[in-house]
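What's in entry_16.csv: CSV, C-alpha atoms and all ligand atoms
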chain,number,residue,atom,x,y,z
A,1,MET,CA,-23.5,24.6,12.6
A,2,LYS,CA,-21.9,23.1,15.6
A,3,THR,CA,-18.1,23.3,16.3
A,4,LEU,CA,-16.7,19.7,16.1
A,5,LYS,CA,-14.6,18.3,18.9
A,6,THR,CA,-11.5,16.3,18.1
A,7,ALA,CA,-8.6,14.5,19.8
A,8,VAL,CA,-5.0,13.7,18.8
A,9,PHE,CA,-3.4,10.3,19.7
A,10,GLY,CA,0.4,10.5,19.6
A,11,THR,CA,2.7,13.3,20.7
A,12,GLY,CA,5.6,13.0,18.3
A,13,PHE,CA,6.4,14.9,15.1
A,14,MET,CA,3.1,14.0,13.4
A,15,GLY,CA,1.0,14.6,16.5
A,16,ARG,CA,2.5,18.2,16.6
A,17,VAL,CA,1.8,18.8,12.9
A,18,HIS,CA,-1.8,17.5,13.2
A,19,LEU,CA,-2.5,19.6,16.3
A,20,GLU,CA,-1.3,22.8,14.7
A,21,ALA,CA,-3.3,22.2,11.5
A,22,ILE,CA,-6.5,21.3,13.4
A,23,ARG,CA,-6.2,24.6,15.2
A,24,ARG,CA,-6.2,26.4,11.8
A,25,ASN,CA,-9.7,25.1,11.0
A,26,GLU,CA,-12.2,27.5,12.4
A,27,PHE,CA,-15.0,25.0,13.1
A,28,VAL,CA,-12.9,22.3,14.9
A,29,ASP,CA,-11.7,22.3,18.5
A,30,ALA,CA,-8.9,20.0,19.7
A,31,VAL,CA,-10.1,19.1,23.1
A,32,ALA,CA,-8.0,16.1,24.1
A,33,ILE,CA,-4.5,14.5,23.6
A,34,ALA,CA,-3.4,11.0,24.4
A,35,GLY,CA,0.3,10.2,24.8
A,36,ARG,CA,2.6,7.5,26.1
A,37,THR,CA,2.4,9.5,29.4
A,38,VAL,CA,0.2,12.3,30.7
A,39,GLU,CA,3.3,14.5,30.8
A,40,ALA,CA,4.0,13.9,27.1
A,41,ALA,CA,0.4,14.8,26.2
A,42,GLN,CA,0.7,18.0,28.4
A,43,ARG,CA,4.0,19.0,26.7
A,44,LEU,CA,2.4,18.8,23.3
A,45,GLY,CA,-0.7,20.7,24.3
A,46,ALA,CA,1.1,23.4,26.3
A,47,GLY,CA,-0.2,26.8,25.3
A,48,CYS,CA,-3.0,25.4,23.1
A,49,SER,CA,-5.9,25.5,25.7
A,50,VAL,CA,-6.5,21.8,25.2
A,51,PRO,CA,-8.4,20.7,28.4
A,52,THR,CA,-7.9,16.9,28.5
A,53,PHE,CA,-4.6,15.0,28.6
A,54,THR,CA,-4.4,11.2,29.2
A,55,ALA,CA,-2.1,8.2,28.8
A,56,ASP,CA,-5.2,6.1,28.0
A,57,TYR,CA,-6.8,6.8,24.6
A,58,ARG,CA,-9.8,4.7,25.5
A,59,GLU,CA,-10.9,7.4,28.0
A,60,ILE,CA,-11.2,9.8,25.1
A,61,LEU,CA,-13.2,7.2,23.1
A,62,GLY,CA,-15.6,6.9,26.0
A,63,ASP,CA,-16.5,10.6,25.8
A,64,PRO,CA,-19.6,11.0,23.6
A,65,ALA,CA,-18.9,14.7,23.1
A,66,ILE,CA,-15.8,13.9,20.9
A,67,ASP,CA,-16.6,13.6,17.2
A,68,ALA,CA,-13.3,12.5,15.7
A,69,VAL,CA,-9.8,11.3,16.4
A,70,HIS,CA,-6.4,11.7,14.7
A,71,VAL,CA,-4.2,8.6,15.0
A,72,CYS,CA,-0.6,9.8,14.9
A,73,THR,CA,1.2,7.1,16.8
A,74,PRO,CA,3.9,4.7,15.6
A,75,ASN,CA,2.5,2.5,12.8
A,76,ALA,CA,2.1,-0.7,14.9
A,77,LEU,CA,-0.6,1.0,17.0
A,78,HIS,CA,-2.7,2.4,14.1
A,79,PHE,CA,-4.8,-0.7,13.6
A,80,SER,CA,-5.9,-1.2,17.2
A,81,MET,CA,-6.5,2.5,17.9
A,82,ALA,CA,-8.4,3.1,14.6
A,83,LYS,CA,-10.5,0.0,15.2
A,84,ASP,CA,-11.4,1.0,18.8
A,85,ALA,CA,-12.2,4.5,17.5
A,86,LEU,CA,-14.5,3.2,14.8
A,87,LEU,CA,-16.2,0.9,17.2
A,88,ALA,CA,-16.8,3.9,19.5
A,89,GLY,CA,-18.5,5.6,16.5
A,90,LYS,CA,-15.8,8.3,16.0
A,91,HIS,CA,-14.7,9.7,12.6
A,92,VAL,CA,-11.0,8.8,12.1
A,93,MET,CA,-8.1,10.6,10.4
A,94,CYS,CA,-5.3,8.0,10.4
A,95,GLU,CA,-1.6,8.6,9.6
A,96,LYS,CA,-0.1,6.4,6.9
A,97,PRO,CA,0.4,3.5,6.7
A,98,LEU,CA,-3.2,2.6,7.7
A,99,ALA,CA,-1.9,-0.6,9.3
A,100,ILE,CA,0.9,-3.1,9.2
A,101,THR,CA,-0.7,-5.8,7.1
A,102,VAL,CA,-3.2,-6.1,4.3
A,103,PRO,CA,-5.8,-8.1,6.3
A,104,GLU,CA,-5.7,-5.4,9.1
A,105,ALA,CA,-6.2,-2.7,6.5
A,106,GLU,CA,-9.1,-4.7,5.0
A,107,GLU,CA,-10.7,-5.1,8.4
A,108,LEU,CA,-10.5,-1.3,9.1
A,109,THR,CA,-11.9,-0.4,5.6
A,110,THR,CA,-14.8,-2.8,6.0
A,111,LEU,CA,-15.5,-1.6,9.6
A,112,ALA,CA,-15.4,2.1,8.7
A,113,LEU,CA,-18.1,1.4,6.0
A,114,LYS,CA,-20.2,-0.6,8.4
A,115,GLN,CA,-20.0,2.1,11.0
A,116,GLY,CA,-20.9,4.8,8.5
A,117,VAL,CA,-18.3,7.2,9.8
A,118,ARG,CA,-15.9,9.4,7.9
A,119,ASN,CA,-12.5,7.8,7.5
A,120,ALA,CA,-9.3,9.4,6.0
A,121,ILE,CA,-5.8,8.3,5.5
A,122,CYS,CA,-3.4,11.2,5.8
A,123,HIS,CA,-1.8,11.3,2.3
A,124,ASN,CA,-1.3,15.0,2.7
A,125,ILE,CA,1.0,15.4,-0.2
A,126,ARG,CA,-2.0,15.3,-2.6
A,127,PHE,CA,-3.0,18.7,-1.2
A,128,TYR,CA,-0.2,20.8,-2.6
A,129,PRO,CA,-1.8,23.1,-5.2
A,130,MET,CA,0.8,22.2,-7.9
A,131,VAL,CA,0.2,18.5,-7.3
A,132,GLN,CA,-3.5,19.1,-8.1
A,133,GLN,CA,-2.4,21.2,-11.2
A,134,MET,CA,-0.5,18.1,-12.4
A,135,ARG,CA,-3.6,16.0,-11.9
A,136,SER,CA,-5.7,18.4,-13.8
A,137,MET,CA,-3.2,18.4,-16.7
A,138,CYS,CA,-3.3,14.6,-16.8
A,139,GLU,CA,-7.1,14.6,-16.7
A,140,SER,CA,-7.5,17.3,-19.4
A,141,GLY,CA,-5.3,15.4,-21.8
A,142,ALA,CA,-2.7,18.2,-21.8
A,143,LEU,CA,0.1,15.7,-21.5
A,144,GLY,CA,-1.3,13.3,-24.1
A,145,GLU,CA,-1.1,9.6,-23.4
A,146,ILE,CA,1.0,8.9,-20.3
A,147,LEU,CA,4.1,6.9,-21.2
A,148,VAL,CA,6.4,7.2,-18.2
A,149,VAL,CA,6.0,7.9,-14.5
A,150,GLN,CA,9.2,8.2,-12.6
A,151,GLY,CA,10.7,9.8,-9.5
A,152,THR,CA,12.2,9.5,-6.0
A,153,TYR,CA,11.5,10.2,-2.4
A,154,PHE,CA,14.8,10.8,-0.7
A,155,GLN,CA,15.7,11.9,2.8
A,156,ASP,CA,19.0,11.9,4.7
A,157,TRP,CA,18.0,11.8,8.4
A,158,LEU,CA,18.8,8.1,8.8
A,159,LEU,CA,22.1,8.2,7.0
A,160,TYR,CA,24.5,7.4,9.9
A,161,ASP,CA,24.4,4.3,12.0
A,162,THR,CA,24.0,6.6,15.0
A,163,ASP,CA,20.6,7.8,13.6
A,164,TRP,CA,17.7,6.2,15.3
A,165,ASN,CA,13.9,6.5,15.4
A,166,TRP,CA,11.0,4.1,16.1
A,167,ARG,CA,10.7,3.7,12.3
A,168,VAL,CA,13.9,1.7,12.3
A,169,ASP,CA,12.4,-1.0,14.5
A,170,ALA,CA,10.0,-3.4,12.8
A,171,ARG,CA,8.1,-4.0,16.1
A,172,ALA,CA,7.0,-0.3,16.0
A,173,ALA,CA,7.0,0.4,12.3
A,174,GLY,CA,6.1,-2.9,10.6
A,175,THR,CA,8.3,-5.0,8.3
A,176,SER,CA,9.0,-2.1,5.9
A,177,ARG,CA,10.5,1.3,6.7
A,178,VAL,CA,11.3,3.5,3.8
A,179,LEU,CA,8.7,2.0,1.4
A,180,ALA,CA,6.0,2.2,4.0
A,181,ASP,CA,7.0,5.6,5.4
A,182,VAL,CA,7.7,7.6,2.3
A,183,GLY,CA,7.2,5.2,-0.6
A,184,SER,CA,3.5,5.0,0.3
A,185,HIS,CA,3.3,8.8,-0.3
A,186,TRP,CA,5.0,8.4,-3.7
A,187,PHE,CA,2.8,5.6,-5.0
A,188,ASP,CA,-0.3,7.3,-3.7
A,189,LEU,CA,0.7,10.4,-5.7
A,190,ALA,CA,1.6,8.4,-8.8
A,191,GLU,CA,-1.9,6.8,-8.9
A,192,HIS,CA,-3.8,9.9,-7.7
A,193,ILE,CA,-2.2,12.2,-10.3
A,194,THR,CA,-2.3,10.0,-13.3
A,195,GLY,CA,-5.6,8.1,-12.5
A,196,LEU,CA,-3.7,4.9,-13.5
A,197,ARG,CA,-3.1,1.9,-11.3
A,198,VAL,CA,0.1,0.0,-10.7
A,199,THR,CA,-0.6,-3.4,-12.1
A,200,SER,CA,2.8,-5.1,-11.5
A,201,LEU,CA,6.1,-4.4,-10.0
A,202,CYS,CA,9.6,-5.6,-9.3
A,203,SER,CA,11.5,-4.3,-6.3
A,204,ASP,CA,15.0,-4.4,-4.8
A,205,LEU,CA,15.4,-3.3,-1.2
A,206,GLN,CA,18.6,-2.7,0.8
A,207,THR,CA,19.5,-2.3,4.5
A,208,PHE,CA,22.9,-0.6,4.5
A,209,HIS,CA,23.2,-0.5,8.3
A,210,GLN,CA,22.6,-4.0,9.5
A,211,THR,CA,23.0,-2.7,13.0
A,212,ARG,CA,22.5,0.8,14.4
A,213,LYS,CA,23.5,2.5,17.6
A,214,LYS,CA,20.3,3.1,19.5
A,215,PRO,CA,20.3,6.0,21.9
A,216,LYS,CA,19.2,4.9,25.4
A,217,GLN,CA,16.5,7.6,25.4
A,218,ALA,CA,13.6,8.0,22.9
A,219,VAL,CA,14.3,10.4,20.0
A,220,GLU,CA,11.6,12.3,18.2
A,221,THR,CA,11.4,12.1,14.4
A,222,PHE,CA,14.2,14.2,12.7
A,223,ALA,CA,15.4,15.3,16.2
A,224,ASN,CA,18.3,12.7,16.0
A,225,LYS,CA,20.3,15.2,14.0
A,226,LEU,CA,20.6,17.5,17.0
A,227,LEU,CA,21.8,14.8,19.4
A,228,GLY,CA,25.2,15.1,21.1
A,229,PRO,CA,27.5,12.2,22.1
A,230,GLN,CA,25.7,9.9,24.5
A,231,ASP,CA,25.2,6.2,25.4
A,232,TYR,CA,24.1,4.0,22.6
A,233,VAL,CA,23.2,0.3,22.4
A,234,GLU,CA,24.3,-1.6,19.2
A,235,THR,CA,21.0,-2.9,17.8
A,236,PRO,CA,20.2,-5.2,14.8
A,237,VAL,CA,18.1,-3.5,12.1
A,238,ASP,CA,15.3,-5.3,10.3
A,239,THR,CA,13.9,-2.5,8.1
A,240,GLU,CA,15.2,-1.2,4.8
A,241,ASP,CA,17.1,2.0,4.2
A,242,PHE,CA,16.6,2.1,0.4
A,243,GLY,CA,14.2,0.7,-2.2
A,244,ALA,CA,14.1,0.7,-6.0
A,245,VAL,CA,10.8,-0.3,-7.7
A,246,LEU,CA,10.2,-0.8,-11.5
A,247,PHE,CA,6.5,-0.9,-12.2
A,248,ARG,CA,3.9,-1.1,-14.9
A,249,MET,CA,0.6,0.8,-15.0
A,250,GLY,CA,-1.5,-1.2,-17.4
A,251,PRO,CA,-0.4,-2.5,-20.8
A,252,ARG,CA,1.7,0.5,-21.9
A,253,THR,CA,2.7,2.9,-19.2
A,254,ARG,CA,6.0,2.2,-17.5
A,255,GLY,CA,7.6,3.6,-14.4
A,256,SER,CA,10.3,3.5,-11.8
A,257,ALA,CA,10.7,4.9,-8.2
A,258,THR,CA,13.5,5.0,-5.8
A,259,VAL,CA,13.1,5.8,-2.1
A,260,SER,CA,15.8,6.4,0.5
A,261,GLN,CA,16.4,7.7,3.9
A,262,VAL,CA,20.2,7.7,3.6
A,263,SER,CA,20.8,10.2,0.8
A,264,ALA,CA,23.0,13.0,2.1
A,265,GLY,CA,21.6,16.5,1.5
A,266,ARG,CA,18.2,15.3,0.4
A,267,LYS,CA,15.9,16.5,3.3
A,268,ASN,CA,12.4,15.6,2.1
A,269,ARG,CA,12.8,15.5,-1.6
A,270,LEU,CA,9.8,13.9,-3.3
A,271,VAL,CA,10.2,14.2,-7.1
A,272,ILE,CA,7.6,12.9,-9.5
A,273,GLU,CA,7.8,13.3,-13.3
A,274,ILE,CA,5.2,12.3,-15.8
A,275,CYS,CA,6.0,12.1,-19.5
A,276,GLY,CA,3.2,12.0,-22.0
A,277,THR,CA,3.0,11.9,-25.8
A,278,LYS,CA,2.5,15.7,-25.9
A,279,SER,CA,4.3,17.1,-22.9
A,280,SER,CA,6.0,16.2,-19.6
A,281,VAL,CA,5.5,17.7,-16.1
A,282,ALA,CA,7.7,17.4,-13.0
A,283,TRP,CA,7.3,18.5,-9.4
A,284,ASP,CA,9.7,18.6,-6.4
A,285,GLN,CA,8.3,18.8,-2.9
A,286,GLU,CA,11.3,20.9,-1.8
A,287,ARG,CA,10.2,23.6,-4.3
A,288,PRO,CA,6.4,23.1,-3.9
A,289,ASP,CA,5.1,26.2,-5.7
A,290,GLU,CA,6.8,25.4,-9.0
A,291,LEU,CA,6.0,23.0,-11.7
A,292,TRP,CA,8.4,22.2,-14.6
A,293,VAL,CA,6.5,21.6,-17.9
A,294,GLY,CA,8.6,20.1,-20.7
A,295,HIS,CA,7.9,20.4,-24.4
A,296,ARG,CA,9.4,19.0,-27.5
A,297,GLU,CA,8.7,21.8,-30.0
A,298,THR,CA,8.8,24.9,-27.8
A,299,SER,CA,10.7,26.1,-24.7
A,300,ASN,CA,10.2,24.4,-21.4
A,301,GLN,CA,8.3,26.3,-18.7
A,302,ILE,CA,8.5,26.9,-15.0
A,303,PHE,CA,4.9,27.4,-13.9
A,304,VAL,CA,4.7,29.3,-10.6
A,305,LYS,CA,1.7,28.8,-8.3
A,306,ASP,CA,-0.9,31.6,-8.7
A,307,PRO,CA,-4.6,30.7,-8.0
A,308,SER,CA,-5.6,32.8,-11.0
A,309,LEU,CA,-3.5,30.6,-13.3
A,310,LEU,CA,-4.3,27.2,-11.8
A,311,ALA,CA,-6.9,24.9,-13.4
A,312,PRO,CA,-10.3,25.2,-11.7
A,313,GLY,CA,-9.8,21.8,-10.1
A,314,ALA,CA,-6.5,22.9,-8.5
A,315,ARG,CA,-7.5,26.4,-7.5
A,316,THR,CA,-9.4,25.5,-4.3
A,317,PHE,CA,-6.1,24.0,-2.9
A,318,ALA,CA,-4.4,27.4,-2.9
A,319,ASP,CA,-5.4,29.8,-0.2
A,320,LEU,CA,-2.8,32.4,-0.9
A,321,PRO,CA,-2.1,34.6,-3.9
A,322,GLY,CA,0.9,34.0,-6.2
A,323,GLY,CA,4.3,34.7,-4.7
A,324,HIS,CA,3.0,33.7,-1.2
A,325,SER,CA,4.4,30.2,-0.7
A,326,GLU,CA,2.2,27.3,0.5
A,327,GLY,CA,4.0,24.3,1.9
A,328,TYR,CA,4.0,21.2,4.1
A,329,ASP,CA,1.9,22.6,7.0
A,330,ASP,CA,-0.7,24.0,4.6
A,331,THR,CA,-1.4,20.5,3.1
A,332,PHE,CA,-2.6,19.3,6.5
A,333,LYS,CA,-4.9,22.4,6.8
A,334,GLN,CA,-6.3,21.5,3.4
A,335,ILE,CA,-7.0,17.8,4.0
A,336,PHE,CA,-8.4,18.5,7.5
A,337,ARG,CA,-10.7,21.2,6.2
A,338,ARG,CA,-12.2,18.7,3.7
A,339,PHE,CA,-12.4,15.9,6.3
A,340,TYR,CA,-14.3,18.1,8.8
A,341,SER,CA,-16.5,19.6,6.2
A,342,SER,CA,-17.6,16.1,5.1
A,343,ILE,CA,-18.5,15.4,8.8
A,344,ARG,CA,-20.7,18.4,8.8
A,345,THR,CA,-22.4,17.5,5.5
A,346,PRO,CA,-23.4,13.8,5.8
A,347,GLY,CA,-24.1,12.2,2.4
A,348,GLY,CA,-21.5,14.4,0.6
A,349,LYS,CA,-18.8,12.6,-1.5
A,350,PRO,CA,-15.4,12.7,0.3
A,351,ASP,CA,-12.8,14.7,-1.5
A,352,TYR,CA,-9.8,13.2,0.4
A,353,PRO,CA,-8.1,9.8,0.6
A,354,GLN,CA,-10.0,7.3,2.6
A,355,PHE,CA,-9.1,4.0,4.3
A,356,ALA,CA,-9.7,2.2,0.9
A,357,ASP,CA,-6.7,4.3,-0.4
A,358,GLY,CA,-4.7,3.2,2.7
A,359,LEU,CA,-5.5,-0.4,1.9
A,360,ARG,CA,-4.5,0.1,-1.7
A,361,GLN,CA,-1.0,1.3,-0.5
A,362,LEU,CA,-0.6,-1.7,1.7
A,363,LYS,CA,-1.3,-4.0,-1.2
A,364,ILE,CA,1.4,-2.2,-3.3
A,365,LEU,CA,3.7,-2.4,-0.3
A,366,ASP,CA,3.0,-6.1,0.2
A,367,ALA,CA,3.7,-6.8,-3.5
A,368,ALA,CA,7.0,-4.9,-3.2
A,369,LEU,CA,8.1,-6.9,-0.2
A,370,ARG,CA,7.1,-10.2,-1.9
A,371,SER,CA,8.9,-9.2,-5.1
A,372,ASN,CA,12.1,-8.3,-3.2
A,373,HIS,CA,12.0,-11.6,-1.3
A,374,ALA,CA,11.4,-13.7,-4.5
A,375,ARG,CA,13.6,-11.5,-6.8
A,376,ALA,CA,10.7,-11.5,-9.2
A,377,TRP,CA,7.9,-9.5,-10.8
A,378,VAL,CA,4.6,-9.5,-8.8
A,379,ASP,CA,1.1,-8.7,-10.2
A,380,ILE,CA,-1.2,-6.4,-8.2
A,381,ALA,CA,-5.0,-6.7,-8.6
A,382,PRO,CA,-6.6,-3.3,-9.6
A,383,SER,CA,-8.7,-1.9,-6.7
B,1,LIG,C1,9.6,10.8,8.1
B,1,LIG,O1,10.2,10.0,7.1
B,1,LIG,C2,8.4,11.6,7.6
B,1,LIG,O2,8.0,12.4,8.7
B,1,LIG,C3,7.3,10.8,7.1
B,1,LIG,O3,6.8,9.9,8.1
B,1,LIG,C4,6.2,11.7,6.6
B,1,LIG,O4,5.1,11.0,6.1
B,1,LIG,C5,6.8,12.6,5.5
B,1,LIG,O5,5.8,13.5,5.2
B,1,LIG,C6,8.0,13.4,6.0
B,1,LIG,O6,8.9,12.4,6.6
Mind turning the file's structure into structure tokens?
Amino acid sequence: MKTLKTAVFGTGFMGRVHLEAIRRNEFVDAVAIAGRTVEAAQRLGAGCSVPTFTADYREILGDPAIDAVHVCTPNALHFSMAKDALLAGKHVMCEKPLAITVPEAEELTTLALKQGVRNAICHNIRFYPMVQQMRSMCESGALGEILVVQGTYFQDWLLYDTDWNWRVDARAAGTSRVLADVGSHWFDLAEHITGLRVTSLCSDLQTFHQTRKKPKQAVETFANKLLGPQDYVETPVDTEDFGAVLFRMGPRTRGSATVSQVSAGRKNRLVIEICGTKSSVAWDQERPDELWVGHRETSNQIFVKDPSLLAPGARTFADLPGGHSEGYDDTFKQIFRRFYSSIRTPGGKPDYPQFADGLRQLKILDAALRSNHARAWVDIAPS
């Protein structure tokens, strides 16, 4: 079978993560990078034997030899880039959020179907083996009826008013920051693991830093922590630092989630806990190979990842034996492997999140923003 050719749009933190993971898939070659400048694209591709660098992603879309593209730019560019790529007949792997608004995400979802190309939204966190183990436990009934779904996604890299990134600026990121950036991962997991849908919610958002000191030069995601003293411009902030969401999943299941980028010491801590009528289960992204399983009548357990012990549905998400940790980078390898395999096997059912799942997250986000604004519960249509 032919080796697929792909391109990366965006040269920041996510562009780097995507490029590295693409290179770990044996039947895909990364052949082009588009950046803000040719130099930025060259810097990302240095040492990777990528032949083409450009500041104009449309040049890449005009190349019939390229099968797929990865959209890894700031959020506000996702819609136009993904749309142009779909119109050019490319398969698209898009970073989350899929777009800034629900109508944009609807348009992309419809267009992808019409074009008949593979489309994926990069909710990579689904691809940790222990997340899949939780899903298998919910599916098999091991937890009983699901009563409570709760958790957090906390980071600390935007704690100080001197911390800056494009995500702070609504023109680049969209109206929401923390809910769109990390809350979308949390809610995607909650629905993916339990198989339930959020049917209504009530949210409370807070922007602690109404202004931030913006460095005069661009700063890559997370790199702000290494900056020394330099010139800043005091800049108003229009995106939230924190969000709390109470939600319902159908008539009985209840839940809550808090998301924050200002929680000292929490680097990338996504915790999700699911409590059923038989048992509970909890997972923490900072300890990805472990699952806590809680019981009422016997001792609680720490279940350590080992492919031989995982449920069959979770086993294919682990490439390494027990005791050999699999983490953040590996989740991208897993989702890209499935995405590219599906391109090579037309007609097969995709086993990764698609644009429709990205649209779903935008509907939840939109409801959370409306709820915060109205200080009221908002219903969400199941989809
Ligand atoms: C920054 O908050 C970020 O890089 C997110 O954009 C990613 O989706 C998450 O995986 C890690 O944190």
- Item | Selection as a list of chain:residue names: residues within 9 Å of ligand LIG 1 (chain B) by all atoms listed in the file |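 Using all atoms listed in the file, I find these residues within 9 Å of ligand LIG 1 (chain B): A:Phe13, A:Met14, A:Glu95, A:Lys96, A:Pro97, A:Cys122, A:His123, A:Asn124, A:Ile125, A:Gln155, A:Trp157, A:Leu158, A:Arg167, A:Arg177, A:Val178, A:Ala180, A:Asp181, A:Val182, A:Ser184, A:His185, A:Thr221, A:Phe222, A:Gln261, A:Lys267, A:Asn268, A:Tyr328.
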- Task: Would you kindly return, as a PyMOL selection string, each protein, DNA or RNA residue with an atom no farther than 12 Å from any atom of segment 246-252 of chain A, considering only C-alpha atoms and excluding same-chain residues fewer than 6 positions away?
- Result: chain A and resi 145-152+187+190-191+194-205+258-259+276+364+367-368+371-372+376-382
- Message: For Asp231 of chain A, find every residue with an atom within 9 Å (counting all atoms listed in the file), except residues of its own chain fewer than 3 positions away, and show them as a ChimeraX atom specification.
- Response: /A:213-217
- Kindly indicate which residue among A:Thr316, A:Asn75, A:Gln115, A:Ser263 lies nearest to His91 of chain A, using only C-alpha atoms for the distances.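 Of all the options, A:Gln115 lies closest to His91 of chain A.
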- Message: What's around Gln42 of chain A at 10 Å? Count all atoms listed in the file, leave out sequence neighbours fewer than 5 positions away in its own chain, and write the answer as a VMD selection string.
- Response: chain A and resid 11 32 to 35 37 47 to 48 50 to 54
- Item | Proximity to Glu59 of chain A - best of A:Ala7, A:Ala374, A:Leu310, A:Leu77, only C-alpha atoms |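 Closest residue, counting only C-alpha atoms: A:Ala7.
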- Query: Of the candidates A:Ile335, A:Gly243, A:Arg296, A:Pro74, which shows the shortest atom-to-atom distance to Phe208 of chain A, using all atoms listed in the file?
  - Reply: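 With all atoms listed in the file as the atom set, the closest residue is A:Gly243.
Between Phe154 of chain A and the candidates A:Ser260, A:Asn25, A:Asn300, A:Ser342, the tightest atom-to-atom separation, counting all atoms listed in the file, involves A:Ser260.
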- Query: Please, what distance in Å, to one decimal, runs between atom CA of Val168 of chain A and atom CA of Ser256 of chain A?
  - Reply: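 Pair atom CA of Val168 of chain A / atom CA of Ser256 of chain A returns 24.4 Å.
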- Query: With distances taken over all atoms listed in the file, which of A:Pro236, A:Lys5, A:Leu61, A:Arg126 is nearest to Leu270 of chain A?
  - Reply: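 Of A:Pro236, A:Lys5, A:Leu61, A:Arg126, the one nearest Leu270 of chain A, counting all atoms listed in the file, is A:Arg126.
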- Using all atoms listed in the file, which of the listed residues (A:Gly322, A:Gly62, A:Gly313, A:Gly144) sits closest to Thr277 of chain A? A:Gly144
- Task: Between atom CA of Gly265 of chain A and atom CA of Glu286 of chain A, measure the distance and give it in Å to one decimal.
- Result: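 Between atom CA of Gly265 of chain A and atom CA of Glu286 of chain A the gap is 11.7 Å.
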- Two-atom distance - atom CA of Asp67 of chain A, atom CA of Gly89 of chain A (Å): 8.3 Å
